[in-house]
Amino acid sequence: MKATEQTLQQTRRAIRKIIDKFPSSKEATQLTDIHLRVSQDSGELTAFDDDDNEITRCVVEQWIENKDDNFYQEVAATLRSELTGMKDTIEQASILKPYSFVLEDDDKETVEELYLVDDDIVIIDTELMKDLDKDLNDFLEKLLK
C-alpha cells in the first residue's frame, strides 16, 4: 500500500492539528508521549495525550477496511515520513522534552515508536538498524579469529 497524495495531506493536517494544540511559549506542557492510534477498520487516526485525552482525530480514506498484512508497517512509514518532514515545526511545540510520537493499534498496544523529540537524542530509522545485531556478531566473530 503506497500512500496516496490525499493520505499524505490528511496525515500532515492531523500532525499540524496536534502541534497547534501546543503553540510555542515559554512554559512547556509536560507530556511524555503523543499516542497515534490507527483503526484498520474505520481508517481513523486519533491522537491522545498521556492521560488518554483526545487531541485530534481524522479519517484517512485509504486506510478504511484495509486488510493488508503489513498495514501498520506501511502506516508507520507514512507517519514517520510526515513527522520527519515537519521536524522544525514539531520541535517548536511547547512540550517539555523529551517526548515521542508512538503508533498504537486498536487495542492500545504500541506498534512502534515513530519519532522522538529531544535536544540530545535522535532515533535512527528502523530500516537502517535492521540486522544490526547479526552484523555486530559477525564482526566480533571475525575479530576474535
# chains A, B, ... in the order shown; residues from 1 in each chain; ligands from 1
call {"tool": "residues_around", "arguments": {"residues": "segment 88-94 of chain A", "least_positions_apart": "4", "cutoff": "8 Å", "atoms": "only C-alpha atoms", "output": "PDB file with all heavy atoms, in the first residue's frame"}}
result
ATOM      1  N   ILE A  19       0.185  19.745  16.764  1.00  0.00           N
ATOM      2  CA  ILE A  19       1.173  20.765  17.122  1.00  0.00           C
ATOM      3  C   ILE A  19       0.482  22.086  17.447  1.00  0.00           C
ATOM      4  O   ILE A  19       0.910  22.810  18.352  1.00  0.00           O
ATOM      5  CB  ILE A  19       2.218  20.931  15.991  1.00  0.00           C
ATOM      6  CG1 ILE A  19       2.956  19.603  15.768  1.00  0.00           C
ATOM      7  CG2 ILE A  19       3.188  22.045  16.300  1.00  0.00           C
ATOM      8  CD1 ILE A  19       3.574  18.982  17.006  1.00  0.00           C
ATOM      9  N   ASP A  20      -0.611  22.396  16.752  1.00  0.00           N
ATOM     10  CA  ASP A  20      -1.349  23.633  17.033  1.00  0.00           C
ATOM     11  C   ASP A  20      -1.920  23.649  18.448  1.00  0.00           C
ATOM     12  O   ASP A  20      -2.160  24.724  19.005  1.00  0.00           O
ATOM     13  CB  ASP A  20      -2.481  23.827  16.022  1.00  0.00           C
ATOM     14  CG  ASP A  20      -1.971  24.207  14.642  1.00  0.00           C
ATOM     15  OD1 ASP A  20      -0.765  24.559  14.517  1.00  0.00           O
ATOM     16  OD2 ASP A  20      -2.767  24.152  13.683  1.00  0.00           O
ATOM     17  N   PHE A  22      -0.325  22.830  20.992  1.00  0.00           N
ATOM     18  CA  PHE A  22       0.795  23.161  21.870  1.00  0.00           C
ATOM     19  C   PHE A  22       1.628  24.279  21.246  1.00  0.00           C
ATOM     20  O   PHE A  22       2.784  24.067  20.875  1.00  0.00           O
ATOM     21  CB  PHE A  22       1.663  21.916  22.106  1.00  0.00           C
ATOM     22  CG  PHE A  22       0.890  20.745  22.622  1.00  0.00           C
ATOM     23  CD1 PHE A  22       0.481  19.725  21.769  1.00  0.00           C
ATOM     24  CD2 PHE A  22       0.535  20.669  23.961  1.00  0.00           C
ATOM     25  CE1 PHE A  22      -0.240  18.639  22.242  1.00  0.00           C
ATOM     26  CE2 PHE A  22      -0.191  19.591  24.438  1.00  0.00           C
ATOM     27  CZ  PHE A  22      -0.579  18.575  23.582  1.00  0.00           C
ATOM     28  N   PRO A  23       1.051  25.481  21.120  1.00  0.00           N
ATOM     29  CA  PRO A  23       1.785  26.576  20.483  1.00  0.00           C
ATOM     30  C   PRO A  23       3.042  26.946  21.262  1.00  0.00           C
ATOM     31  O   PRO A  23       3.096  26.785  22.489  1.00  0.00           O
ATOM     32  CB  PRO A  23       0.770  27.724  20.481  1.00  0.00           C
ATOM     33  CG  PRO A  23      -0.200  27.392  21.548  1.00  0.00           C
ATOM     34  CD  PRO A  23      -0.225  25.895  21.652  1.00  0.00           C
ATOM     35  N   SER A  24       4.021  27.422  20.549  1.00  0.00           N
ATOM     36  CA  SER A  24       5.296  27.793  21.152  1.00  0.00           C
ATOM     37  C   SER A  24       5.083  28.852  22.228  1.00  0.00           C
ATOM     38  O   SER A  24       4.451  29.872  22.003  1.00  0.00           O
ATOM     39  CB  SER A  24       6.232  28.323  20.064  1.00  0.00           C
ATOM     40  OG  SER A  24       7.505  28.554  20.604  1.00  0.00           O
ATOM     41  N   SER A  25       5.594  28.573  23.426  1.00  0.00           N
ATOM     42  CA  SER A  25       5.505  29.521  24.534  1.00  0.00           C
ATOM     43  C   SER A  25       6.640  29.243  25.504  1.00  0.00           C
ATOM     44  O   SER A  25       7.391  28.281  25.342  1.00  0.00           O
ATOM     45  CB  SER A  25       4.155  29.409  25.244  1.00  0.00           C
ATOM     46  OG  SER A  25       4.067  28.176  25.922  1.00  0.00           O
ATOM     47  N   LYS A  26       6.755  30.080  26.514  1.00  0.00           N
ATOM     48  CA  LYS A  26       7.843  29.908  27.471  1.00  0.00           C
ATOM     49  C   LYS A  26       7.612  28.721  28.395  1.00  0.00           C
ATOM     50  O   LYS A  26       8.547  28.082  28.828  1.00  0.00           O
ATOM     51  CB  LYS A  26       8.027  31.184  28.290  1.00  0.00           C
ATOM     52  CG  LYS A  26       8.558  32.321  27.459  1.00  0.00           C
ATOM     53  CD  LYS A  26       8.832  33.535  28.288  1.00  0.00           C
ATOM     54  CE  LYS A  26       9.340  34.642  27.361  1.00  0.00           C
ATOM     55  NZ  LYS A  26       9.787  35.799  28.063  1.00  0.00           N
ATOM     56  N   GLU A  27       6.351  28.447  28.737  1.00  0.00           N
ATOM     57  CA  GLU A  27       6.048  27.333  29.625  1.00  0.00           C
ATOM     58  C   GLU A  27       5.656  26.106  28.808  1.00  0.00           C
ATOM     59  O   GLU A  27       4.692  26.136  28.058  1.00  0.00           O
ATOM     60  CB  GLU A  27       4.923  27.704  30.582  1.00  0.00           C
ATOM     61  CG  GLU A  27       5.380  28.663  31.654  1.00  0.00           C
ATOM     62  CD  GLU A  27       4.413  28.708  32.804  1.00  0.00           C
ATOM     63  OE1 GLU A  27       3.800  27.672  33.128  1.00  0.00           O
ATOM     64  OE2 GLU A  27       4.284  29.788  33.376  1.00  0.00           O
ATOM     65  N   ALA A  28       6.413  25.041  28.993  1.00  0.00           N
ATOM     66  CA  ALA A  28       6.174  23.820  28.231  1.00  0.00           C
ATOM     67  C   ALA A  28       5.198  22.905  28.958  1.00  0.00           C
ATOM     68  O   ALA A  28       5.229  22.781  30.176  1.00  0.00           O
ATOM     69  CB  ALA A  28       7.493  23.094  27.998  1.00  0.00           C
ATOM     70  N   THR A  29       4.343  22.266  28.187  1.00  0.00           N
ATOM     71  CA  THR A  29       3.409  21.270  28.704  1.00  0.00           C
ATOM     72  C   THR A  29       4.177  19.993  28.983  1.00  0.00           C
ATOM     73  O   THR A  29       5.049  19.607  28.207  1.00  0.00           O
ATOM     74  CB  THR A  29       2.320  20.989  27.649  1.00  0.00           C
ATOM     75  OG1 THR A  29       1.706  22.212  27.292  1.00  0.00           O
ATOM     76  CG2 THR A  29       1.288  20.026  28.171  1.00  0.00           C
ATOM     77  N   LEU A  83       6.246  13.118   9.892  1.00  0.00           N
ATOM     78  CA  LEU A  83       6.800  13.705  11.110  1.00  0.00           C
ATOM     79  C   LEU A  83       8.206  14.240  10.860  1.00  0.00           C
ATOM     80  O   LEU A  83       8.547  15.342  11.294  1.00  0.00           O
ATOM     81  CB  LEU A  83       6.825  12.668  12.244  1.00  0.00           C
ATOM     82  CG  LEU A  83       5.466  12.309  12.839  1.00  0.00           C
ATOM     83  CD1 LEU A  83       5.559  11.009  13.632  1.00  0.00           C
ATOM     84  CD2 LEU A  83       4.941  13.437  13.697  1.00  0.00           C
ATOM     85  N   VAL A 117      11.413  13.464  20.108  1.00  0.00           N
ATOM     86  CA  VAL A 117      11.798  14.864  20.109  1.00  0.00           C
ATOM     87  C   VAL A 117      12.636  15.096  21.353  1.00  0.00           C
ATOM     88  O   VAL A 117      12.152  14.992  22.476  1.00  0.00           O
ATOM     89  CB  VAL A 117      10.567  15.794  20.122  1.00  0.00           C
ATOM     90  CG1 VAL A 117      10.997  17.243  20.118  1.00  0.00           C
ATOM     91  CG2 VAL A 117       9.660  15.505  18.949  1.00  0.00           C
TER      92      VAL A 117
END
call {"tool": "closest_atom_pairs", "arguments": {"of": "segment 25-143 of chain A", "to": "segment 4-8 of chain A", "cutoff": "12 Å", "atoms": "only C-alpha atoms", "output": "CSV"}}
result
residue,atom,partner,partner_atom,distance
A:Gly43,CA,A:Thr7,CA,10.6
A:Glu44,CA,A:Thr7,CA,11.7
A:Leu45,CA,A:Thr7,CA,11.1
A:Cys58,CA,A:Thr7,CA,10.8
A:Val59,CA,A:Thr7,CA,9.4
A:Val60,CA,A:Thr7,CA,6.0
A:Glu61,CA,A:Thr7,CA,7.3
A:Gln62,CA,A:Thr7,CA,6.6
A:Trp63,CA,A:Thr7,CA,8.5
A:Ile64,CA,A:Thr7,CA,11.3
A:Glu74,CA,A:Thr7,CA,11.7
A:Val75,CA,A:Thr7,CA,10.0
A:Ala77,CA,A:Leu8,CA,11.2
A:Thr78,CA,A:Leu8,CA,7.4
A:Leu79,CA,A:Leu8,CA,8.5
A:Arg80,CA,A:Leu8,CA,11.1
A:Ser81,CA,A:Leu8,CA,9.3
A:Glu82,CA,A:Leu8,CA,7.4
A:Leu83,CA,A:Leu8,CA,10.9
A:Gly85,CA,A:Leu8,CA,11.1
call {"tool": "write_last_selection", "arguments": {"atoms": "all heavy atoms", "output": "compact mmCIF listing (two decimals), in the first residue's frame"}}
result
# COMPACT_ATOMS: atom_id res chain seq x y z
N GLY A 43 -10.34 3.35 9.51
CA GLY A 43 -9.38 4.27 8.90
C GLY A 43 -9.13 5.49 9.76
O GLY A 43 -8.50 6.44 9.32
N GLU A 44 -9.60 5.46 10.99
CA GLU A 44 -9.50 6.62 11.85
C GLU A 44 -8.10 6.74 12.47
O GLU A 44 -7.55 5.76 12.96
CB GLU A 44 -10.54 6.50 12.97
CG GLU A 44 -10.92 7.79 13.58
CD GLU A 44 -12.18 7.64 14.43
OE1 GLU A 44 -12.22 6.73 15.28
OE2 GLU A 44 -13.10 8.42 14.21
N LEU A 45 -7.55 7.94 12.41
CA LEU A 45 -6.29 8.28 13.06
C LEU A 45 -6.64 9.23 14.19
O LEU A 45 -7.19 10.31 13.96
CB LEU A 45 -5.35 8.97 12.06
CG LEU A 45 -4.10 9.65 12.63
CD1 LEU A 45 -3.18 8.64 13.30
CD2 LEU A 45 -3.36 10.39 11.53
N CYS A 58 -8.98 12.20 12.71
CA CYS A 58 -9.36 12.33 11.31
C CYS A 58 -9.54 10.93 10.73
O CYS A 58 -9.11 9.96 11.33
CB CYS A 58 -8.33 13.13 10.52
SG CYS A 58 -6.80 12.26 10.16
N VAL A 59 -10.17 10.85 9.59
CA VAL A 59 -10.33 9.58 8.90
C VAL A 59 -9.48 9.63 7.64
O VAL A 59 -9.58 10.56 6.85
CB VAL A 59 -11.81 9.31 8.54
CG1 VAL A 59 -11.94 8.05 7.70
CG2 VAL A 59 -12.65 9.20 9.80
N VAL A 60 -8.64 8.63 7.49
CA VAL A 60 -7.80 8.51 6.30
C VAL A 60 -8.49 7.48 5.41
O VAL A 60 -8.52 6.29 5.73
CB VAL A 60 -6.37 8.08 6.66
CG1 VAL A 60 -5.52 7.92 5.41
CG2 VAL A 60 -5.74 9.09 7.63
N GLU A 61 -9.06 7.95 4.32
CA GLU A 61 -9.89 7.10 3.47
C GLU A 61 -9.17 5.87 2.95
O GLU A 61 -9.75 4.80 2.86
CB GLU A 61 -10.47 7.94 2.33
CG GLU A 61 -11.48 8.96 2.83
CD GLU A 61 -11.98 9.88 1.73
OE1 GLU A 61 -11.95 9.48 0.55
OE2 GLU A 61 -12.41 11.00 2.08
N GLN A 62 -7.90 6.01 2.63
CA GLN A 62 -7.14 4.88 2.10
C GLN A 62 -7.00 3.75 3.13
O GLN A 62 -6.82 2.60 2.76
CB GLN A 62 -5.75 5.35 1.66
CG GLN A 62 -4.93 4.27 0.99
CD GLN A 62 -3.55 4.74 0.58
OE1 GLN A 62 -3.10 5.81 0.97
NE2 GLN A 62 -2.86 3.95 -0.20
N TRP A 63 -7.14 4.07 4.41
CA TRP A 63 -6.96 3.08 5.47
C TRP A 63 -8.26 2.38 5.86
O TRP A 63 -8.24 1.41 6.61
CB TRP A 63 -6.33 3.73 6.70
CG TRP A 63 -4.97 4.28 6.46
CD1 TRP A 63 -4.15 4.03 5.39
CD2 TRP A 63 -4.24 5.18 7.30
NE1 TRP A 63 -2.96 4.72 5.52
CE2 TRP A 63 -3.00 5.43 6.69
CE3 TRP A 63 -4.52 5.79 8.51
CZ2 TRP A 63 -2.04 6.27 7.25
CZ3 TRP A 63 -3.57 6.63 9.07
CH2 TRP A 63 -2.35 6.86 8.45
N ILE A 64 -9.41 2.84 5.36
CA ILE A 64 -10.69 2.25 5.72
C ILE A 64 -10.76 0.82 5.16
O ILE A 64 -10.50 0.59 3.98
CB ILE A 64 -11.87 3.08 5.18
CG1 ILE A 64 -11.87 4.48 5.81
CG2 ILE A 64 -13.20 2.38 5.43
CD1 ILE A 64 -12.89 5.43 5.21
N GLU A 74 3.21 -0.04 7.01
CA GLU A 74 3.02 0.99 5.99
C GLU A 74 2.55 2.30 6.62
O GLU A 74 3.02 3.38 6.25
CB GLU A 74 2.00 0.52 4.94
CG GLU A 74 2.46 -0.66 4.12
CD GLU A 74 3.59 -0.33 3.18
OE1 GLU A 74 3.72 0.84 2.78
OE2 GLU A 74 4.36 -1.25 2.84
N VAL A 75 1.63 2.21 7.58
CA VAL A 75 1.15 3.40 8.28
C VAL A 75 2.31 4.05 9.03
O VAL A 75 2.48 5.27 8.99
CB VAL A 75 -0.01 3.04 9.24
CG1 VAL A 75 -0.31 4.18 10.19
CG2 VAL A 75 -1.25 2.66 8.45
N ALA A 77 5.50 3.91 8.35
CA ALA A 77 6.40 4.55 7.39
C ALA A 77 5.84 5.89 6.92
O ALA A 77 6.58 6.88 6.83
CB ALA A 77 6.65 3.62 6.21
N THR A 78 4.54 5.93 6.65
CA THR A 78 3.90 7.17 6.20
C THR A 78 3.97 8.23 7.29
O THR A 78 4.37 9.38 7.04
CB THR A 78 2.43 6.91 5.81
OG1 THR A 78 2.40 5.97 4.74
CG2 THR A 78 1.73 8.18 5.40
N LEU A 79 3.58 7.86 8.50
CA LEU A 79 3.59 8.83 9.61
C LEU A 79 5.01 9.30 9.93
O LEU A 79 5.24 10.49 10.16
CB LEU A 79 2.93 8.23 10.85
CG LEU A 79 1.42 8.02 10.74
CD1 LEU A 79 0.92 7.20 11.93
CD2 LEU A 79 0.69 9.35 10.66
N ARG A 80 5.96 8.38 9.94
CA ARG A 80 7.35 8.75 10.23
C ARG A 80 7.88 9.73 9.19
O ARG A 80 8.53 10.71 9.51
CB ARG A 80 8.24 7.51 10.28
CG ARG A 80 9.68 7.85 10.68
CD ARG A 80 10.58 6.63 10.78
NE ARG A 80 10.16 5.78 11.87
CZ ARG A 80 9.58 4.59 11.70
NH1 ARG A 80 9.35 4.10 10.50
NH2 ARG A 80 9.23 3.86 12.74
N SER A 81 7.55 9.49 7.94
CA SER A 81 7.98 10.38 6.87
C SER A 81 7.40 11.78 7.06
O SER A 81 8.11 12.79 6.92
CB SER A 81 7.56 9.80 5.53
OG SER A 81 7.82 10.70 4.49
N GLU A 82 6.12 11.85 7.38
CA GLU A 82 5.47 13.15 7.58
C GLU A 82 6.02 13.86 8.82
O GLU A 82 6.24 15.06 8.81
CB GLU A 82 3.95 12.99 7.68
CG GLU A 82 3.30 12.59 6.38
CD GLU A 82 3.59 13.57 5.25
OE1 GLU A 82 3.49 14.80 5.45
OE2 GLU A 82 3.92 13.10 4.15
N LEU A 83 6.25 13.12 9.89
CA LEU A 83 6.80 13.71 11.11
C LEU A 83 8.21 14.24 10.86
O LEU A 83 8.55 15.34 11.29
CB LEU A 83 6.83 12.67 12.24
CG LEU A 83 5.47 12.31 12.84
CD1 LEU A 83 5.56 11.01 13.63
CD2 LEU A 83 4.94 13.44 13.70
N GLY A 85 9.40 15.21 8.01
CA GLY A 85 9.27 16.37 7.14
C GLY A 85 8.82 17.62 7.87
O GLY A 85 9.07 18.74 7.41
call {"tool": "closest_residue", "arguments": {"among": "A:Thr56, A:Asp138, A:Ser42, A:Lys97", "to": "Lys17 of chain A", "atoms": "only C-alpha atoms"}}
result
A:Thr56
call {"tool": "closest_residue", "arguments": {"among": "A:Asp33, A:Arg57, A:Phe101, A:Gln40", "to": "Gln10 of chain A", "atoms": "only C-alpha atoms"}}
result
A:Arg57
call {"tool": "atom_distance", "arguments": {"atom1": "atom CA of Asn66 of chain A", "atom2": "atom CA of Ser39 of chain A"}}
result
9.4 Å
call {"tool": "atom_distance", "arguments": {"atom1": "atom CA of Thr84 of chain A", "atom2": "atom CA of Leu116 of chain A"}}
result
10.0 Å
call {"tool": "select_by_dssp", "arguments": {"residues": "segment 6-122 of chain A", "states": "strand (DSSP E)", "output": "number ranges by chain"}}
result
A: 33-38, 44-48, 54-59, 99-104, 110-117
call {"tool": "select_by_dssp", "arguments": {"residues": "segment 40-141 of chain A", "states": "alpha helix (DSSP H)", "output": "ChimeraX atom specification"}}
result
/A:71-85,87-91,126-129,132-141
call {"tool": "write_last_selection", "arguments": {"atoms": "N, CA, C and O atoms", "output": "short mmCIF file (atom, residue, chain, number, x, y, z; two decimals), in the first residue's frame"}}
result
data_model
loop_
_atom_site.label_atom_id
_atom_site.label_comp_id
_atom_site.auth_asym_id
_atom_site.auth_seq_id
_atom_site.Cartn_x
_atom_site.Cartn_y
_atom_site.Cartn_z
N PHE A 71 -0.15 -3.64 7.20
CA PHE A 71 -0.85 -2.37 7.35
C PHE A 71 -0.12 -1.42 8.31
O PHE A 71 0.17 -0.28 7.96
N TYR A 72 0.19 -1.88 9.49
CA TYR A 72 0.80 -1.00 10.49
C TYR A 72 2.22 -0.58 10.11
O TYR A 72 2.64 0.54 10.41
N GLN A 73 2.94 -1.43 9.41
CA GLN A 73 4.28 -1.05 8.95
C GLN A 73 4.20 0.06 7.91
O GLN A 73 4.99 1.00 7.93
N GLU A 74 3.21 -0.04 7.01
CA GLU A 74 3.02 0.99 5.99
C GLU A 74 2.55 2.30 6.62
O GLU A 74 3.02 3.38 6.25
N VAL A 75 1.63 2.21 7.58
CA VAL A 75 1.15 3.40 8.28
C VAL A 75 2.31 4.05 9.03
O VAL A 75 2.48 5.27 8.99
N ALA A 76 3.12 3.23 9.69
CA ALA A 76 4.27 3.75 10.44
C ALA A 76 5.23 4.49 9.51
O ALA A 76 5.71 5.57 9.83
N ALA A 77 5.50 3.91 8.35
CA ALA A 77 6.40 4.55 7.39
C ALA A 77 5.84 5.89 6.92
O ALA A 77 6.58 6.88 6.83
N THR A 78 4.54 5.93 6.65
CA THR A 78 3.90 7.17 6.20
C THR A 78 3.97 8.23 7.29
O THR A 78 4.37 9.38 7.04
N LEU A 79 3.58 7.86 8.50
CA LEU A 79 3.59 8.83 9.61
C LEU A 79 5.01 9.30 9.93
O LEU A 79 5.24 10.49 10.16
N ARG A 80 5.96 8.38 9.94
CA ARG A 80 7.35 8.75 10.23
C ARG A 80 7.88 9.73 9.19
O ARG A 80 8.53 10.71 9.51
N SER A 81 7.55 9.49 7.94
CA SER A 81 7.98 10.38 6.87
C SER A 81 7.40 11.78 7.06
O SER A 81 8.11 12.79 6.92
N GLU A 82 6.12 11.85 7.38
CA GLU A 82 5.47 13.15 7.58
C GLU A 82 6.02 13.86 8.82
O GLU A 82 6.24 15.06 8.81
N LEU A 83 6.25 13.12 9.89
CA LEU A 83 6.80 13.71 11.11
C LEU A 83 8.21 14.24 10.86
O LEU A 83 8.55 15.34 11.29
N THR A 84 8.99 13.47 10.14
CA THR A 84 10.35 13.91 9.82
C THR A 84 10.32 15.16 8.94
O THR A 84 11.11 16.08 9.14
N GLY A 85 9.40 15.21 8.01
CA GLY A 85 9.27 16.37 7.14
C GLY A 85 8.82 17.62 7.87
O GLY A 85 9.07 18.74 7.41
N LYS A 87 9.77 18.33 11.01
CA LYS A 87 10.70 18.37 12.14
C LYS A 87 10.78 19.74 12.80
O LYS A 87 10.64 19.87 14.01
N ASP A 88 11.01 20.77 12.02
CA ASP A 88 11.18 22.12 12.58
C ASP A 88 9.93 22.59 13.31
O ASP A 88 10.02 23.16 14.39
N THR A 89 8.77 22.34 12.73
CA THR A 89 7.51 22.74 13.36
C THR A 89 7.28 21.95 14.64
O THR A 89 6.90 22.52 15.67
N ILE A 90 7.52 20.66 14.60
CA ILE A 90 7.29 19.79 15.74
C ILE A 90 8.18 20.19 16.91
O ILE A 90 7.74 20.24 18.06
N GLU A 91 9.43 20.48 16.62
CA GLU A 91 10.37 20.79 17.70
C GLU A 91 10.14 22.16 18.31
O GLU A 91 10.72 22.46 19.35
N THR A 126 14.40 2.53 11.65
CA THR A 126 14.45 1.09 11.90
C THR A 126 15.05 0.31 10.72
O THR A 126 15.69 -0.71 10.93
N GLU A 127 14.84 0.77 9.50
CA GLU A 127 15.42 0.09 8.34
C GLU A 127 16.95 0.14 8.38
O GLU A 127 17.63 -0.80 8.00
N LEU A 128 17.49 1.24 8.86
CA LEU A 128 18.93 1.38 8.97
C LEU A 128 19.48 0.44 10.03
O LEU A 128 20.58 -0.08 9.91
N MET A 129 18.69 0.23 11.08
CA MET A 129 19.13 -0.60 12.20
C MET A 129 18.83 -2.09 12.01
O MET A 129 19.24 -2.91 12.82
N LEU A 132 21.25 -5.24 12.70
CA LEU A 132 22.45 -4.69 13.33
C LEU A 132 23.09 -5.72 14.26
O LEU A 132 24.31 -5.87 14.26
N ASP A 133 22.28 -6.43 15.06
CA ASP A 133 22.82 -7.44 15.97
C ASP A 133 23.60 -8.50 15.21
O ASP A 133 24.69 -8.89 15.63
N LYS A 134 23.06 -8.98 14.12
CA LYS A 134 23.73 -10.00 13.32
C LYS A 134 25.05 -9.46 12.77
O LYS A 134 26.08 -10.12 12.83
N ASP A 135 25.03 -8.23 12.25
CA ASP A 135 26.24 -7.62 11.71
C ASP A 135 27.31 -7.46 12.78
O ASP A 135 28.49 -7.74 12.55
N LEU A 136 26.91 -7.04 13.96
CA LEU A 136 27.87 -6.87 15.05
C LEU A 136 28.42 -8.21 15.52
O LEU A 136 29.63 -8.33 15.80
N ASN A 137 27.56 -9.22 15.59
CA ASN A 137 28.03 -10.56 15.97
C ASN A 137 29.01 -11.12 14.94
O ASN A 137 30.02 -11.72 15.31
N ASP A 138 28.70 -10.94 13.66
CA ASP A 138 29.62 -11.39 12.60
C ASP A 138 30.96 -10.67 12.70
O ASP A 138 32.02 -11.28 12.57
N PHE A 139 30.91 -9.36 12.93
CA PHE A 139 32.12 -8.58 13.07
C PHE A 139 32.96 -9.07 14.25
O PHE A 139 34.17 -9.26 14.14
N LEU A 140 32.31 -9.28 15.39
CA LEU A 140 33.01 -9.74 16.58
C LEU A 140 33.62 -11.11 16.36
O LEU A 140 34.76 -11.38 16.77
N GLU A 141 32.88 -12.00 15.72
CA GLU A 141 33.39 -13.35 15.43
C GLU A 141 34.64 -13.28 14.55
O GLU A 141 35.64 -13.96 14.81
#
call {"tool": "closest_residue", "arguments": {"among": "A:Met1, A:Met86, A:Val102, A:Leu96", "to": "Phe48 of chain A", "atoms": "only C-alpha atoms"}}
result
A:Val102
call {"tool": "closest_residue", "arguments": {"among": "A:Ile15, A:Ala3, A:Thr46, A:Ser100", "to": "Ile34 of chain A", "atoms": "only C-alpha atoms"}}
result
A:Ser100
